Amino acid sequence: MTQPWSLCVWERGTGSGHLFHLLPVVDALQRLGHRVLLCVKDVGLTKRFFHDSNVVVRPLPVRPAAVRGTLARSHAELMFNLGFADPAGQTMALGRWRQLMSELRPSAVFCDHADGALLAAHSLGLPAAVLGNGFFHPPVKCPFPAFDPLVDPGYAALAGVESRVLAALNSALGCFNAPALDRLADLHARAWRFVFSFPELDAYGSRSGLDYLGLSGPTHRTAAASWRGAGEKVFFYLSRGQRADPDFVDQLLDAGYSLLIAAPGLGEDASGALRRRGVAVANRHVDLQQVCADCRLLFSEGNHGTTAKILRFGRVPLLLPRQLEQLVTANRLAAQGLGIVPRQAPAQSLCLKLINGLNANPAYERNARLFADTYGGWDEAVCAERVRWAVGGLIRES
């Protein structure tokens with residue numbers, strides 16, 4: 001009997017967090033006897049990550065459109081910024097995704113930040129799941145609500161953008177005689193949701209009826225944390241491929257802090273330059289539990305998994321977001337007193353202001369300890385088991 005195929009897609013975003021979402025899905029599919037095709041934006045990183053798994057890794061069938069520079073206020077505006085309001089572009093992309101899926105004939109499609117693949121699965125009537133933290137699971141409403149409830153962009157503004165995206169997608173679907181979407185939310189409403197997060201970190205706030213799976217990794221951060229210098233310890237995690245801002249380093253070193261930067265994939269030239277300045281550098285993941293035991297000042301870009309781990313180990317993340325998803329997470333945590341975000345602080349004192357904010361208000365650390373009391377003993381194996389159950393349910397439904 002021929003083994004069935006399943007398709008896993010990582011279409012947008014950066015960092016290994018997307019691969020950690022796919023890891024338990026791939027494991028579950030292989031346990032069910034499926035062959036797995038990973039269609040991803042970063043083939044090299046994916047092959048290294050799944051080097052001991054019997055999976056096929058290929059590049060995306062179509063290069064995603066360039067991102068517009070404006071800051072999205074809703075999932076519809078995010079899709080608009082990613083080129084989903086271009087009928088011709090979407091028709092071309094949909095055709096290529098449909099060709100891949102028609103040739104593979106997967107039992108199901110698992111989409112991590114992959115609305116293009118999700119649209120193709122809809123057009124072919126294939127079972128699909130959306131993977132990711134709450135940011136990637138917009139509420140099934142029309143129009144999609146704003147990411148930040150404290151900023152009201154106006155119903156008409158959101159609805160206008162959403163109607164343009166919906167029209168472009170339906171134009172593309174019509175070219176293949178595929179069923180149209182009545183509303184943009186239907187694209188997500190018909191998919192299974194694998195929410196790798198905790199309610200407190202949900203970009204839209206804690207939602208009843210949403211099954212929060214927790215976090216799926218990483219579980220192998222074995223590099224020991226080590227600082228240089230006698231000052232108070234500071235830790236900063238940089239997403240893969242990012243470099244430390246010189247102003248950030250200057251502020252902390254000039255104030256006498258001992259700085260450890262964890263920057264996975266950072267090259268030797270950049271690492272060496274930091275070390276010559278007295279900064280301890282780890283160009284791979286470190287043991288965050290040890291870091292949190294040794295250090296109370298922890299900076300994060302708002303990377304979802306790392307920030308959640310900082311909270312699980314009872315520390316308050318000092319947040320310096322670089323992109324939209326990180327900003328939304330940071331703002332949500334700040335609203336709950338679980339993280340500190342810059343509020344129009346002068347660049348030359350930004351990091352020190354975040355530290356001062358933590359030192360001035362003991363409520364932050366109390367809130368982090370409460371989070372740790374709730375989730376500190378959480379077992380990542382439980383997440384993997386729940387993913388296996390969900391994958392099995394989706395496959396049986398197909």
# chains A, B, ... in the order shown; residues from 1 in each chain; ligands from 1
call {"tool": "residues_around", "arguments": {"residues": "Gly231 in chain A", "least_positions_apart": "4", "cutoff": "8 Å", "atoms": "only C-alpha atoms", "output": "PyMOL selection string"}}
result
chain A and resi 256-258
call {"tool": "select_by_dssp", "arguments": {"residues": "range 144-351 of chain A", "states": "helix (DSSP H, G or I)", "output": "PyMOL selection string"}}
result
chain A and resi 155-175+186-189+199-201+246-254+268-276+288-294+304-312+324-335+347-351
call {"tool": "atom_distance", "arguments": {"atom1": "CA of Phe313 in chain A", "atom2": "CA of Leu288 in chain A"}}
result
8.2 Å
call {"tool": "closest_residue", "arguments": {"among": "A:Ser197, A:Ser171, A:Asn361, A:Ser163", "to": "Leu94 in chain A", "atoms": "only C-alpha atoms"}}
result
A:Ser171
call {"tool": "residues_around", "arguments": {"residues": "Leu187 in chain A", "least_positions_apart": "2", "cutoff": "9 Å", "atoms": "only C-alpha atoms", "output": "ChimeraX atom specification"}}
result
/A:115,118-119,122,181,183-185,189-191
call {"tool": "write_last_selection", "arguments": {"atoms": "N, CA, C and O atoms", "output": "PDB file, in the first residue's frame"}}
result
ATOM      1  N   ASP A 115      -0.651  31.850   4.440  1.00  0.00           N
ATOM      2  CA  ASP A 115      -1.996  32.072   3.912  1.00  0.00           C
ATOM      3  C   ASP A 115      -2.097  31.710   2.432  1.00  0.00           C
ATOM      4  O   ASP A 115      -3.182  31.376   1.944  1.00  0.00           O
ATOM      5  N   LEU A 118      -2.709  28.069   2.453  1.00  0.00           N
ATOM      6  CA  LEU A 118      -4.043  27.862   3.025  1.00  0.00           C
ATOM      7  C   LEU A 118      -5.123  28.128   1.980  1.00  0.00           C
ATOM      8  O   LEU A 118      -6.105  27.392   1.883  1.00  0.00           O
ATOM      9  N   LEU A 119      -4.929  29.174   1.180  1.00  0.00           N
ATOM     10  CA  LEU A 119      -5.890  29.486   0.124  1.00  0.00           C
ATOM     11  C   LEU A 119      -5.944  28.361  -0.909  1.00  0.00           C
ATOM     12  O   LEU A 119      -7.029  27.972  -1.365  1.00  0.00           O
ATOM     13  N   HIS A 122      -7.866  25.429   0.435  1.00  0.00           N
ATOM     14  CA  HIS A 122      -9.298  25.720   0.342  1.00  0.00           C
ATOM     15  C   HIS A 122      -9.812  25.505  -1.084  1.00  0.00           C
ATOM     16  O   HIS A 122     -10.875  24.913  -1.293  1.00  0.00           O
ATOM     17  N   LEU A 181     -14.931  32.829  -1.301  1.00  0.00           N
ATOM     18  CA  LEU A 181     -15.055  33.080   0.139  1.00  0.00           C
ATOM     19  C   LEU A 181     -16.122  34.136   0.366  1.00  0.00           C
ATOM     20  O   LEU A 181     -16.104  35.192  -0.267  1.00  0.00           O
ATOM     21  N   ARG A 183     -16.482  35.696   3.206  1.00  0.00           N
ATOM     22  CA  ARG A 183     -15.768  36.677   4.027  1.00  0.00           C
ATOM     23  C   ARG A 183     -14.347  36.171   4.207  1.00  0.00           C
ATOM     24  O   ARG A 183     -14.081  34.959   4.114  1.00  0.00           O
ATOM     25  N   LEU A 184     -13.436  37.059   4.495  1.00  0.00           N
ATOM     26  CA  LEU A 184     -12.038  36.671   4.626  1.00  0.00           C
ATOM     27  C   LEU A 184     -11.846  35.701   5.786  1.00  0.00           C
ATOM     28  O   LEU A 184     -11.011  34.791   5.724  1.00  0.00           O
ATOM     29  N   ALA A 185     -12.620  35.869   6.838  1.00  0.00           N
ATOM     30  CA  ALA A 185     -12.486  35.008   8.015  1.00  0.00           C
ATOM     31  C   ALA A 185     -12.762  33.546   7.707  1.00  0.00           C
ATOM     32  O   ALA A 185     -12.301  32.653   8.427  1.00  0.00           O
ATOM     33  N   ALA A 189     -11.713  30.040   9.345  1.00  0.00           N
ATOM     34  CA  ALA A 189     -12.789  29.341  10.041  1.00  0.00           C
ATOM     35  C   ALA A 189     -12.854  27.875   9.648  1.00  0.00           C
ATOM     36  O   ALA A 189     -13.252  27.025  10.449  1.00  0.00           O
ATOM     37  N   ARG A 190     -12.466  27.552   8.417  1.00  0.00           N
ATOM     38  CA  ARG A 190     -12.581  26.182   7.918  1.00  0.00           C
ATOM     39  C   ARG A 190     -11.338  25.337   8.224  1.00  0.00           C
ATOM     40  O   ARG A 190     -11.311  24.146   7.902  1.00  0.00           O
ATOM     41  N   ALA A 191     -10.324  25.959   8.815  1.00  0.00           N
ATOM     42  CA  ALA A 191      -9.084  25.235   9.122  1.00  0.00           C
ATOM     43  C   ALA A 191      -9.029  24.865  10.600  1.00  0.00           C
ATOM     44  O   ALA A 191      -9.586  25.561  11.453  1.00  0.00           O
TER      45      ALA A 191
END
call {"tool": "residues_around", "arguments": {"residues": "range 21-24 of chain A", "least_positions_apart": "2", "cutoff": "7 Å", "atoms": "only C-alpha atoms", "output": "JSON list (two decimals) with N, CA and C atoms, in the first residue's frame"}}
result
[["chain", "number", "residue", "atom", "x", "y", "z"],
["A", 17, "GLY", "N", 11.58, 29.41, 15.39],
["A", 17, "GLY", "CA", 10.32, 29.15, 16.06],
["A", 17, "GLY", "C", 9.30, 28.48, 15.16],
["A", 18, "HIS", "N", 9.29, 28.85, 13.88],
["A", 18, "HIS", "CA", 8.35, 28.24, 12.94],
["A", 18, "HIS", "C", 8.63, 26.73, 12.81],
["A", 19, "LEU", "N", 9.89, 26.37, 12.84],
["A", 19, "LEU", "CA", 10.25, 24.96, 12.72],
["A", 19, "LEU", "C", 9.89, 24.19, 13.98],
["A", 26, "VAL", "N", 5.25, 17.03, 12.34],
["A", 26, "VAL", "CA", 5.97, 16.04, 11.53],
["A", 26, "VAL", "C", 6.07, 14.71, 12.27],
["A", 27, "ASP", "N", 6.40, 14.78, 13.55],
["A", 27, "ASP", "CA", 6.50, 13.55, 14.35],
["A", 27, "ASP", "C", 5.17, 12.81, 14.36],
["A", 28, "ALA", "N", 4.08, 13.54, 14.56],
["A", 28, "ALA", "CA", 2.76, 12.90, 14.60],
["A", 28, "ALA", "C", 2.41, 12.26, 13.26],
["A", 131, "LEU", "N", -0.94, 26.72, 11.93],
["A", 131, "LEU", "CA", -0.06, 26.58, 13.08],
["A", 131, "LEU", "C", 0.47, 27.94, 13.51],
["A", 132, "GLY", "N", 0.78, 28.06, 14.79],
["A", 132, "GLY", "CA", 1.42, 29.29, 15.25],
["A", 132, "GLY", "C", 0.83, 29.79, 16.56],
["A", 216, "SER", "N", 5.99, 24.24, 21.99],
["A", 216, "SER", "CA", 6.54, 22.95, 21.55],
["A", 216, "SER", "C", 8.05, 22.88, 21.60],
["A", 384, "ALA", "N", 3.37, 18.07, 22.87],
["A", 384, "ALA", "CA", 3.61, 17.14, 21.76],
["A", 384, "ALA", "C", 2.51, 16.08, 21.69],
["A", 387, "VAL", "N", -0.63, 17.63, 20.29],
["A", 387, "VAL", "CA", -0.48, 17.81, 18.85],
["A", 387, "VAL", "C", -0.72, 16.49, 18.12]]
call {"tool": "closest_residue", "arguments": {"among": "A:His188, A:Arg12, A:Arg396, A:Arg388", "to": "Ser107 in chain A", "atoms": "only C-alpha atoms"}}
result
A:Arg396
call {"tool": "residues_around", "arguments": {"residues": "Ala372 in chain A", "least_positions_apart": "4", "cutoff": "7 Å", "atoms": "only C-alpha atoms", "output": "ChimeraX atom specification"}}
result
/A:311-314,368,376
call {"tool": "select_by_dssp", "arguments": {"residues": "range 153-397 of chain A", "states": "strand (DSSP E or B)", "output": "list in words"}}
result
Trp192, Arg193, Phe194, Val195, Tyr212, Ala223, Lys233, Val234, Phe235, Phe236, Tyr237, Ser258, Leu259, Leu260, Ile261, Ala262, Ala280, Val281, Ala282, Val286, Leu297, Leu298, Phe299, Ser300, Pro317, Leu318, Leu319 and Ile340 of chain A
call {"tool": "closest_residue", "arguments": {"among": "A:Arg296, A:Leu201, A:Phe236, A:Asn133", "to": "Tyr364 in chain A", "atoms": "only C-alpha atoms"}}
result
A:Arg296
call {"tool": "atom_distance", "arguments": {"atom1": "CA of Ala381 in chain A", "atom2": "CA of Pro317 in chain A"}}
result
24.6 Å
call {"tool": "closest_residue", "arguments": {"among": "A:Ser74, A:Ser398, A:Gln3, A:Asn54", "to": "Leu158 in chain A", "atoms": "only C-alpha atoms"}}
result
A:Ser74
call {"tool": "residues_around", "arguments": {"residues": "range 36-50 of chain A", "least_positions_apart": "6", "cutoff": "6 Å", "atoms": "only C-alpha atoms", "output": "list in words"}}
result
Trp5, Ser6, Leu7, Cys8, Val9, Trp10, Glu11, Val56, Val57, Arg58, Pro59 and Leu60 of chain A
call {"tool": "write_last_selection", "arguments": {"atoms": "C-alpha atoms", "output": "JSON list (two decimals), in the first residue's frame"}}
result
[["chain", "number", "residue", "atom", "x", "y", "z"],
["A", 5, "TRP", "CA", 1.67, 12.28, 1.83],
["A", 6, "SER", "CA", 1.11, 15.30, 4.05],
["A", 7, "LEU", "CA", 2.32, 18.80, 3.26],
["A", 8, "CYS", "CA", 3.80, 21.19, 5.83],
["A", 9, "VAL", "CA", 4.43, 24.80, 4.79],
["A", 10, "TRP", "CA", 6.44, 27.64, 6.31],
["A", 11, "GLU", "CA", 5.83, 30.59, 4.02],
["A", 56, "VAL", "CA", 11.59, 15.84, 1.97],
["A", 57, "VAL", "CA", 12.47, 19.55, 2.04],
["A", 58, "ARG", "CA", 11.79, 21.83, -0.92],
["A", 59, "PRO", "CA", 11.65, 25.58, -1.51],
["A", 60, "LEU", "CA", 8.35, 27.38, -1.86]]
call {"tool": "closest_residue", "arguments": {"among": "A:Leu274, A:Leu253, A:Ala280, A:Cys351", "to": "Ser300 in chain A", "atoms": "only C-alpha atoms"}}
result
A:Cys351
call {"tool": "closest_residue", "arguments": {"among": "A:Met79, A:Val62, A:Leu338, A:Leu319", "to": "Gln99 in chain A", "atoms": "only C-alpha atoms"}}
result
A:Val62
call {"tool": "atom_distance", "arguments": {"atom1": "CA of Gly357 in chain A", "atom2": "CA of Leu298 in chain A"}}
result
13.0 Å
call {"tool": "residues_around", "arguments": {"residues": "Ala159 in chain A", "least_positions_apart": "6", "cutoff": "10 Å", "atoms": "only C-alpha atoms", "output": "number ranges by chain"}}
result
A: 76-77, 142-145, 165
call {"tool": "write_last_selection", "arguments": {"atoms": "N, CA and C atoms", "output": "tab-separated table (two decimals), in the first residue's frame"}}
result
chain	number	residue	atom	x	y	z
A	76	ALA	N	-6.13	41.42	8.23
A	76	ALA	CA	-6.44	41.79	6.85
A	76	ALA	C	-5.40	42.78	6.32
A	77	GLU	N	-5.00	43.75	7.14
A	77	GLU	CA	-3.98	44.70	6.69
A	77	GLU	C	-2.63	44.01	6.57
A	142	CYS	N	-15.87	39.55	11.00
A	142	CYS	CA	-15.80	40.37	9.78
A	142	CYS	C	-16.16	41.81	10.13
A	143	PRO	N	-15.20	42.75	9.96
A	143	PRO	CA	-13.81	42.49	9.54
A	143	PRO	C	-12.99	41.92	10.68
A	144	PHE	N	-11.79	41.45	10.36
A	144	PHE	CA	-10.88	41.02	11.41
A	144	PHE	C	-10.65	42.19	12.38
A	145	PRO	N	-10.61	41.93	13.68
A	145	PRO	CA	-10.40	43.02	14.64
A	145	PRO	C	-8.96	43.53	14.62
A	165	VAL	N	-8.70	42.80	-0.16
A	165	VAL	CA	-8.02	41.50	-0.09
A	165	VAL	C	-8.98	40.40	-0.50
